[in-house]
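Okay, so here's the structure we're looking at.
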Amino acid sequence: MKQVTQTLSTGQIEVSDVPVPALRDSFVLVRNVASVISAGTEKTKIDMGKKNLLQKARARPDLVKQVLKKLQTEGLKKTYQTVSTRLTAPSALGYSCAGTVIAAGGMVEGLQPGDRVACGGADYANHAEFVAVPKNLVVKLPDNVSDEAAAFTTVGAIAMQGVRLAEPMLGETFLVIGLGLLGQIAVQLLRANGCNVIASDLDQSLVERAEAFGAVGIGSGADTEAVCLARTANQGVDGVLICAGSSSNAIIEMCGRVVRQKGRVVVVGAVPMDIPRQEYFMKEISVVISRSYGPGRYDPRYEEQGHDYPIGYVRFTEKRNMESFLDLVSQGKVDVESLITHRFAVEEAARAYQLIEGKKTEPYIGIILVYDCEKKLAPTASIASAYASQSAKDGIALSFFGAGNYATSTLLPPIKAHNRATLHGLLTSSGRSAQGVAQRFGFGFSTDQIDDLLTDETDALVITSRHDTHAGTAIAALTAGKHVYVEKPLGLSVEELIAVKSAMISRPECQLMVGFNRRFAPATLILREHFAGVDSPLVVTIRVNAGSIPSDHWIQDPEAGGGRIIGEACHFVDLAASLVGERITSVFAKGTAKAEKSALLNDNCCITLAFANGSIATIVYTSDGNSALAKEQVEMFGGGKAAQIDDFKQVRLFGGGSPQNRRLSTQDKGQASMVKEWLSGLDSGQPCVHPAVLLNSSLATVLAVESMMVGMPMIVDNQLLGA
């Protein structure tokens with residue numbers, strides 16, 4: 001399918017061939033008929049892309065701090081790979097569109113194939129022939145609303161949320177500053193609400209459009225303050241909606257002069273907000289920043305998981321704002337079709353963006369991209385590849401499900417460097433990222449169907465998607481006779497692990513690998529060698545200063561991510577098992593008592609492991625530490641010896657002679673070595689880690705969470721997973 005993307009490193013706009021996005025249970029797959037270019041929002045994104053690296057850094061100092069922190073902890077090479085991936089990955093444009101439902105996920109109510117709908121969401125309702133959109137951001141169209149008019153729905157919902165926050169009452173007077181799409185719609189919404197409207201913009205043609213909707217227009221050079229006072233008997237307007245974008249603080253200063261006592265200012269556009277205290281204090285003016293489409297925005301539980309807010313408590317959510325806007329269009333109280341000044345086929349999107357970039361001087365306001373809905377699309381998008389001429393039998397043909405930061409910055413570089421690995425197919429949930437990664441690393445093709453990766457040409461499937469897909473995809477790949485690499489975790493529950501083991505038993509010729517890379521780290525190997533001759537039980541302590549992750553991050557979602565213990569602490573459970581070299585027999589875990597943390601999502605805990613040879617290990621995992629302290633420290637004791645690993649940068653050895661201090665050239669957590677050993681195991685037919693070991697570590701991690709739930713030790717018996 002065709003999709004409009006921008007490369008952040010260059011700012012270049014492209015119309016690319018990418019796979020159709022994958023459909024999830026609470027999502028709707030829509031074939032677009034029309035989408036709207038939001039000149040203000042999208043121009044900001046384009047302008048950022050066209051800046052050089054120094055200008056980008058000055059514009060986003062928050063991201064610079066993240067890069068510097070990563071540089072300190074992970075070194076120059078890893079940081080460069082991560083930043084390069086982010087800058088070269090294609091970024092989707094657009095957030096407001098309309099089309100026809102092709103398929104609805106199993107958890108979607110009230111929509112079915114053939115329904116005409118409007119869609120919203122910057123990560124979903126993009127300029128593309130097909131979009132996969134969460135059900136709470138999809139609304140059905142009234143019969144008398146055209147697809148082109150409906151494409152404005154998300155933009156309309158933004159204006160509507162700003163108007164709602166202004167709390168207009170019948171007969172009040174409002175000033176609207178900035179008469180682009182948002183401003184023109186806001187004028188109409190206020191007029192439909194029975195308000196008097198004064199509309200201001202530097203562009204006289206936009207002022208005239210607002211006047212046609214019943215506003216009193218103020219053009220360039222006019223005295224806005226004088227007009228507002230004259231129209232309100234010198235009392236001042238009841239409220240202001242700022243729909244403009246500006247780098248000047250003059251707008252917010254002027255609002256204080258034109259608003260009456262106890263008036264309201266709602267900021268919808270992007271303007272500086274150095275509020276002059278005296279004016280606002282003396283009048284007790286309320287200032288509110290409008291957050292996009294309405295309640296639910298930026299809440300993954302609402303947007304991605306489809307959990308609605310009860311109407312008795314939240315009358316107008318994102319979706320209900322979208323529905324209200326469409327009702328007004330249907331009733332003829334809001335006119336958006338007259339705002340359309342340009343139409344372009346999606347293939348001509350670059351020309352459309354030239355308008356808002358200033359390369360063309362003709363006036364514009366509503367720019368529509370239209371799509372050929374009669375065209376038949378192939379499900380698989382082929383990508384020119386350096387490996388296209390190679391047979392899969394020339395090496396180990398790998399296909400990838402997932403192409404996020406871990407895959408692109410950590411796994412793919414060492415795989416590319418291996419002389420026996422070739423890259424076959426690529427599948428991602430969004431589709432657009434597949435195209436960029438496929439071109440960059442030389443995959444044979446990208447696709448939107450997992451079955452395309454499970455054909456005879458693929459030897460092994462690498463699974464780097466979200467955690468909730470790991471077990472199911474691994475089972476499908478094993479059943480199809482493929483070797484499997486799973487990033488981690490292997491599964492989110494005992495039931496998933498049982499199903500994976502059952503699939504392994506049915507295909508004993510297939511190797512299963514889990515990305516527990518720390519067992520391959522040079523520091524880990526040094527410790528194992530140091531304690532090689534020790535027969536007595538060992539004592540291992542691992543401290544993980546993990547740092548906090550926002551509560552709305554997907555890994556904190558019990559269903560998608562499974563929490564940080566299952567999602568990340570599994571690394572350290574396996575590390576302990578690797579150092580001891582024995583099977584884990586029991587686990588006991590205790591988390592801190594926090595009112596907002598359930599056992600599954602508790603990321604401050606102590607985990608104690610017991611091993612078959614009498615060894616013990618304790619893992620302290622905390623998100624409440626400080627980043628100034630190194631993330632990971634390991635200590636090991638036994639047989640009169642001791643050793644320390646300091647953040648996988650330095651190793652200290654004690655016993656058997658003088659203490660040794662081995663400083664590594666860079667932090668190395670074993671990723672590259674793991675890839676090499678795994679691929680060598682595929683070549684030789686002997687797995688680099690026995691699958692029973694991987695299952696044991698995975699089961700112990702899941703049972704650690706269950707231990708926190710019941711407050712008791714749990715027996716880690718691999719027989720629990722079936723014979």
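Each chain in the structure tokens gets a letter, A, B, ..., in the order shown, and its residues are numbered from 1; ligands are numbered from 1 in order too.
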### Task
Tell me which protein, DNA and RNA residues are within 7 Å of range 526-542 of chain A, counting only C-alpha atoms, leaving out same-chain ones fewer than 2 positions away, and put them as a list in words.
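That gives Pro522, Ala523, Thr524, Val544, Ala576, Leu579, Val580, Asn613, Gly614, Ser615, Ile616, Ala617, Thr618, Ile619, Val620, Gln633, Val634, Glu635, Met636, Phe637, Gly638, Gly639 and Ala643 of chain A.
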Please dump the current selection as a tab-separated table (two decimals), in the first residue's frame; keep N, CA, C and O atoms.
chain	number	residue	atom	x	y	z
A	522	PRO	N	31.28	-11.10	28.47
A	522	PRO	CA	32.66	-11.41	28.90
A	522	PRO	C	32.81	-11.45	30.41
A	522	PRO	O	33.52	-12.32	30.94
A	523	ALA	N	32.15	-10.52	31.12
A	523	ALA	CA	32.27	-10.49	32.58
A	523	ALA	C	31.70	-11.77	33.19
A	523	ALA	O	32.25	-12.31	34.16
A	524	THR	N	30.59	-12.25	32.65
A	524	THR	CA	29.98	-13.48	33.16
A	524	THR	C	30.93	-14.67	32.94
A	524	THR	O	31.11	-15.52	33.82
A	544	VAL	N	19.95	-4.51	40.80
A	544	VAL	CA	19.56	-3.86	39.55
A	544	VAL	C	18.90	-2.53	39.87
A	544	VAL	O	17.77	-2.49	40.40
A	576	ALA	N	21.72	-15.44	37.11
A	576	ALA	CA	22.06	-16.19	38.33
A	576	ALA	C	22.18	-17.68	38.03
A	576	ALA	O	23.12	-18.35	38.50
A	579	LEU	N	25.51	-18.31	36.27
A	579	LEU	CA	26.67	-18.24	37.16
A	579	LEU	C	26.78	-19.48	38.05
A	579	LEU	O	27.88	-20.00	38.28
A	580	VAL	N	25.63	-19.94	38.54
A	580	VAL	CA	25.64	-21.12	39.42
A	580	VAL	C	25.83	-22.39	38.61
A	580	VAL	O	26.45	-23.36	39.06
A	613	ASN	N	21.99	-27.67	43.55
A	613	ASN	CA	23.23	-28.02	44.25
A	613	ASN	C	23.39	-27.30	45.58
A	613	ASN	O	24.47	-27.32	46.16
A	614	GLY	N	22.34	-26.67	46.06
A	614	GLY	CA	22.39	-25.98	47.36
A	614	GLY	C	22.79	-24.53	47.28
A	614	GLY	O	22.80	-23.83	48.31
A	615	SER	N	23.13	-24.04	46.11
A	615	SER	CA	23.47	-22.62	45.95
A	615	SER	C	22.24	-21.75	46.11
A	615	SER	O	21.09	-22.21	45.95
A	616	ILE	N	22.47	-20.47	46.40
A	616	ILE	CA	21.37	-19.52	46.53
A	616	ILE	C	21.75	-18.23	45.81
A	616	ILE	O	22.92	-17.92	45.63
A	617	ALA	N	20.72	-17.49	45.40
A	617	ALA	CA	20.94	-16.19	44.76
A	617	ALA	C	19.84	-15.24	45.18
A	617	ALA	O	18.69	-15.64	45.38
A	618	THR	N	20.20	-13.97	45.33
A	618	THR	CA	19.24	-12.93	45.65
A	618	THR	C	19.34	-11.83	44.61
A	618	THR	O	20.44	-11.36	44.29
A	619	ILE	N	18.20	-11.44	44.09
A	619	ILE	CA	18.13	-10.36	43.10
A	619	ILE	C	17.34	-9.21	43.72
A	619	ILE	O	16.19	-9.38	44.13
A	620	VAL	N	17.99	-8.06	43.84
A	620	VAL	CA	17.31	-6.84	44.28
A	620	VAL	C	17.03	-6.01	43.04
A	620	VAL	O	17.96	-5.54	42.37
A	633	GLN	N	24.98	-4.49	39.36
A	633	GLN	CA	26.16	-4.96	40.08
A	633	GLN	C	25.92	-6.41	40.50
A	633	GLN	O	24.83	-6.76	40.97
A	634	VAL	N	26.93	-7.25	40.30
A	634	VAL	CA	26.85	-8.67	40.63
A	634	VAL	C	27.98	-9.01	41.59
A	634	VAL	O	29.13	-8.58	41.39
A	635	GLU	N	27.67	-9.78	42.63
A	635	GLU	CA	28.69	-10.30	43.54
A	635	GLU	C	28.48	-11.81	43.69
A	635	GLU	O	27.35	-12.29	43.72
A	636	MET	N	29.59	-12.52	43.81
A	636	MET	CA	29.54	-13.99	43.87
A	636	MET	C	30.56	-14.48	44.88
A	636	MET	O	31.69	-13.99	44.94
A	637	PHE	N	30.17	-15.48	45.69
A	637	PHE	CA	31.01	-15.97	46.77
A	637	PHE	C	30.96	-17.49	46.81
A	637	PHE	O	29.92	-18.10	46.51
A	638	GLY	N	32.07	-18.12	47.23
A	638	GLY	CA	32.08	-19.56	47.41
A	638	GLY	C	33.48	-20.12	47.36
A	638	GLY	O	34.34	-19.63	46.61
A	639	GLY	N	33.72	-21.15	48.19
A	639	GLY	CA	35.01	-21.82	48.17
A	639	GLY	C	36.18	-20.92	48.48
A	639	GLY	O	37.28	-21.13	47.94
A	643	ALA	N	33.94	-12.43	43.87
A	643	ALA	CA	34.09	-11.68	42.62
A	643	ALA	C	32.98	-10.65	42.51
A	643	ALA	O	31.90	-10.80	43.11
### Query
Got a sec: who's within 12 Å of Pro550 in chain A, counting only C-alpha atoms, leaving out chain neighbours fewer than 4 positions off, as a PyMOL selection string?
chain A and resi 299-300+554-557+563-564+601+603+623
### Query
Could you write out, as a ChimeraX atom specification, all the residues of range 438-662 of chain A that DSSP marks as helix (DSSP H, G or I)?
/A:438-441,450-453,467-479,494-506,517-520,522-530,554-556,563-580
### Task
Excluding Pro113 in chain A and residues on its chain fewer than 3 positions from it, collect all residues at most 6 Å away from it, counting only C-alpha atoms, and give them as a list in words.
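Answer for this query is Val101, Ile102 and Ala103 of chain A.
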### Task
Could you check how far CA of Thr428 in chain A sits from CA of Gly402 in chain A, in Å to one decimal?
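For CA of Thr428 in chain A relative to CA of Gly402 in chain A, the distance reads 4.8 Å.
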Produce a table with one row for each residue of range 263-343 of chain A that has an atom at most 12 Å from any atom of range 212-220 of chain A, each row naming the nearest atom pair and its distance in Å at one decimal; use only C-alpha atoms; arrange rows by chain and rising residue number; format as a tab-separated table.
residue	atom	partner	partner_atom	distance
A:Lys333	CA	A:Phe213	CA	10.0
A:Val334	CA	A:Phe213	CA	9.1
A:Asp335	CA	A:Phe213	CA	8.9
A:Val336	CA	A:Phe213	CA	11.1
A:Ser338	CA	A:Ala212	CA	10.6
A:Leu339	CA	A:Phe213	CA	11.3
Write to file, as a tab-separated table (two decimals), in the first residue's frame, the residues of the selection just made, with N, CA, C and O atoms.
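Contents of again32.tsv, as written:
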chain	number	residue	atom	x	y	z
A	333	LYS	N	-24.76	22.63	10.66
A	333	LYS	CA	-24.36	23.71	11.56
A	333	LYS	C	-22.86	23.99	11.47
A	333	LYS	O	-22.40	25.04	11.94
A	334	VAL	N	-22.10	23.06	10.93
A	334	VAL	CA	-20.68	23.26	10.67
A	334	VAL	C	-20.41	22.86	9.23
A	334	VAL	O	-20.84	21.80	8.77
A	335	ASP	N	-19.73	23.74	8.51
A	335	ASP	CA	-19.42	23.52	7.10
A	335	ASP	C	-17.91	23.41	6.94
A	335	ASP	O	-17.18	24.38	7.17
A	336	VAL	N	-17.44	22.21	6.58
A	336	VAL	CA	-16.00	22.05	6.36
A	336	VAL	C	-15.68	21.90	4.87
A	336	VAL	O	-14.54	22.17	4.46
A	338	SER	N	-16.52	23.72	2.44
A	338	SER	CA	-16.16	25.00	1.83
A	338	SER	C	-14.74	25.42	2.18
A	338	SER	O	-14.18	26.34	1.57
A	339	LEU	N	-14.13	24.73	3.18
A	339	LEU	CA	-12.76	25.05	3.57
A	339	LEU	C	-11.73	24.33	2.71
A	339	LEU	O	-10.53	24.61	2.79
### Message
Give me, as a PyMOL selection string, all polymer residues having an atom no more than 9 Å from range 490-507 of chain A, counting only C-alpha atoms and skipping those fewer than 3 positions away in the same chain.
### Response
chain A and resi 467-472+474-476+478-482+486-487+510-512+514-515+559+561-562+566-567+691+694-695+698-699+702-703+720-723
Export N, CA, C and O atoms of the chosen residues as a short mmCIF file (atom, residue, chain, number, x, y, z; two decimals), in the first residue's frame?
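Everything below was put into selection15.cif:
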data_model
loop_
_atom_site.label_atom_id
_atom_site.label_comp_id
_atom_site.auth_asym_id
_atom_site.auth_seq_id
_atom_site.Cartn_x
_atom_site.Cartn_y
_atom_site.Cartn_z
N HIS A 467 5.57 -8.19 24.12
CA HIS A 467 5.66 -9.41 24.91
C HIS A 467 4.46 -10.33 24.77
O HIS A 467 4.59 -11.56 24.82
N ASP A 468 3.26 -9.76 24.61
CA ASP A 468 2.08 -10.61 24.56
C ASP A 468 2.00 -11.45 23.30
O ASP A 468 1.17 -12.36 23.20
N THR A 469 2.85 -11.16 22.30
CA THR A 469 2.86 -11.93 21.06
C THR A 469 3.92 -13.02 21.05
O THR A 469 3.94 -13.84 20.14
N HIS A 470 4.80 -13.04 22.05
CA HIS A 470 5.97 -13.92 21.99
C HIS A 470 5.59 -15.39 21.95
O HIS A 470 6.01 -16.13 21.05
N ALA A 471 4.84 -15.84 22.94
CA ALA A 471 4.54 -17.27 23.04
C ALA A 471 3.75 -17.76 21.84
O ALA A 471 4.09 -18.79 21.24
N GLY A 472 2.69 -17.05 21.47
CA GLY A 472 1.86 -17.48 20.36
C GLY A 472 2.61 -17.56 19.05
O GLY A 472 2.45 -18.50 18.27
N ALA A 474 5.93 -17.87 18.72
CA ALA A 474 6.92 -18.95 18.82
C ALA A 474 6.27 -20.30 18.55
O ALA A 474 6.86 -21.16 17.86
N ILE A 475 5.09 -20.50 19.08
CA ILE A 475 4.37 -21.77 18.86
C ILE A 475 4.07 -21.95 17.37
O ILE A 475 4.27 -23.03 16.80
N ALA A 476 3.60 -20.87 16.72
CA ALA A 476 3.28 -20.96 15.29
C ALA A 476 4.53 -21.28 14.48
O ALA A 476 4.49 -22.09 13.53
N LEU A 478 7.40 -22.78 15.56
CA LEU A 478 7.85 -24.14 15.84
C LEU A 478 6.97 -25.16 15.12
O LEU A 478 7.47 -26.13 14.54
N THR A 479 5.68 -24.92 15.15
CA THR A 479 4.74 -25.82 14.47
C THR A 479 5.02 -25.88 12.97
O THR A 479 4.85 -26.92 12.33
N ALA A 480 5.47 -24.74 12.41
CA ALA A 480 5.80 -24.68 10.99
C ALA A 480 7.19 -25.24 10.69
O ALA A 480 7.63 -25.22 9.53
N GLY A 481 7.88 -25.72 11.72
CA GLY A 481 9.20 -26.32 11.51
C GLY A 481 10.33 -25.33 11.44
O GLY A 481 11.37 -25.60 10.80
N LYS A 482 10.20 -24.18 12.12
CA LYS A 482 11.25 -23.15 12.09
C LYS A 482 11.99 -23.10 13.43
O LYS A 482 11.40 -23.27 14.50
N VAL A 486 13.48 -15.80 20.53
CA VAL A 486 12.52 -14.90 21.17
C VAL A 486 13.31 -13.90 22.00
O VAL A 486 14.14 -14.29 22.83
N GLU A 487 13.04 -12.63 21.81
CA GLU A 487 13.80 -11.60 22.51
C GLU A 487 13.81 -11.86 24.01
O GLU A 487 14.83 -11.97 24.63
N CYS A 510 13.70 -28.59 15.85
CA CYS A 510 13.76 -27.12 15.85
C CYS A 510 14.38 -26.61 17.14
O CYS A 510 14.03 -27.07 18.24
N GLN A 511 15.28 -25.65 17.03
CA GLN A 511 15.92 -25.06 18.20
C GLN A 511 15.13 -23.84 18.68
O GLN A 511 14.63 -23.05 17.87
N LEU A 512 15.03 -23.70 20.00
CA LEU A 512 14.42 -22.52 20.62
C LEU A 512 15.48 -21.77 21.41
O LEU A 512 16.21 -22.37 22.20
N VAL A 514 16.10 -18.06 23.69
CA VAL A 514 15.57 -16.85 24.32
C VAL A 514 16.73 -15.89 24.54
O VAL A 514 17.84 -16.30 24.89
N GLY A 515 16.50 -14.59 24.32
CA GLY A 515 17.57 -13.60 24.33
C GLY A 515 18.10 -13.23 25.70
O GLY A 515 18.17 -12.04 26.05
N GLU A 559 -1.43 -6.98 30.21
CA GLU A 559 -1.72 -7.85 29.08
C GLU A 559 -0.66 -7.75 27.98
O GLU A 559 -0.24 -8.76 27.41
N GLY A 561 2.55 -6.11 28.18
CA GLY A 561 3.93 -6.19 28.61
C GLY A 561 4.22 -7.16 29.72
O GLY A 561 5.33 -7.68 29.84
N GLY A 562 3.21 -7.41 30.56
CA GLY A 562 3.38 -8.36 31.64
C GLY A 562 4.11 -7.84 32.85
O GLY A 562 4.37 -8.59 33.80
N ILE A 566 8.57 -9.89 34.89
CA ILE A 566 8.54 -10.88 33.82
C ILE A 566 9.26 -10.35 32.59
O ILE A 566 9.96 -11.09 31.90
N GLY A 567 9.10 -9.05 32.31
CA GLY A 567 9.64 -8.47 31.08
C GLY A 567 11.12 -8.19 31.09
O GLY A 567 11.77 -8.24 30.04
N PRO A 691 17.32 -25.98 25.78
CA PRO A 691 15.99 -25.39 25.98
C PRO A 691 15.43 -25.60 27.39
O PRO A 691 14.66 -24.77 27.88
N LEU A 694 16.45 -22.65 29.45
CA LEU A 694 15.67 -21.45 29.13
C LEU A 694 14.27 -21.54 29.73
O LEU A 694 13.74 -20.54 30.26
N LEU A 695 13.67 -22.71 29.67
CA LEU A 695 12.34 -22.90 30.26
C LEU A 695 12.40 -22.76 31.78
O LEU A 695 11.50 -22.19 32.40
N SER A 698 12.66 -19.10 32.65
CA SER A 698 11.39 -18.43 32.33
C SER A 698 10.32 -18.79 33.35
O SER A 698 9.57 -17.93 33.82
N LEU A 699 10.24 -20.08 33.72
CA LEU A 699 9.25 -20.52 34.71
C LEU A 699 9.52 -19.90 36.06
O LEU A 699 8.59 -19.44 36.76
N VAL A 702 8.20 -16.25 36.12
CA VAL A 702 6.74 -16.17 36.23
C VAL A 702 6.29 -16.53 37.64
O VAL A 702 5.41 -15.88 38.23
N LEU A 703 6.93 -17.57 38.21
CA LEU A 703 6.55 -18.00 39.57
C LEU A 703 7.01 -16.99 40.62
O LEU A 703 6.43 -16.95 41.71
N LEU A 720 6.16 -29.26 35.69
CA LEU A 720 4.93 -28.47 35.63
C LEU A 720 4.59 -28.10 34.19
O LEU A 720 3.41 -27.93 33.83
N LEU A 721 5.62 -28.01 33.34
CA LEU A 721 5.41 -27.63 31.95
C LEU A 721 5.01 -28.81 31.08
O LEU A 721 4.81 -28.65 29.88
N GLY A 722 4.92 -30.00 31.66
CA GLY A 722 4.53 -31.17 30.88
C GLY A 722 5.73 -32.02 30.53
O GLY A 722 6.87 -31.57 30.54
N ALA A 723 5.46 -33.28 30.24
CA ALA A 723 6.53 -34.23 29.93
C ALA A 723 7.12 -33.95 28.56
O ALA A 723 6.49 -33.36 27.72
#
### Task
Rounded to one decimal place, report the CA of Ala407 in chain A-CA of Ile450 in chain A distance in Å.
17.2 Å
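With only C-alpha atoms taken into account, the protein and nucleic acid residues at most 7 Å from Val197 in chain A (excluding it and anything under 3 positions from it in its own chain) are Thr173, Phe174, Leu175, Val187, Arg191, Ala215 and Val216 of chain A.
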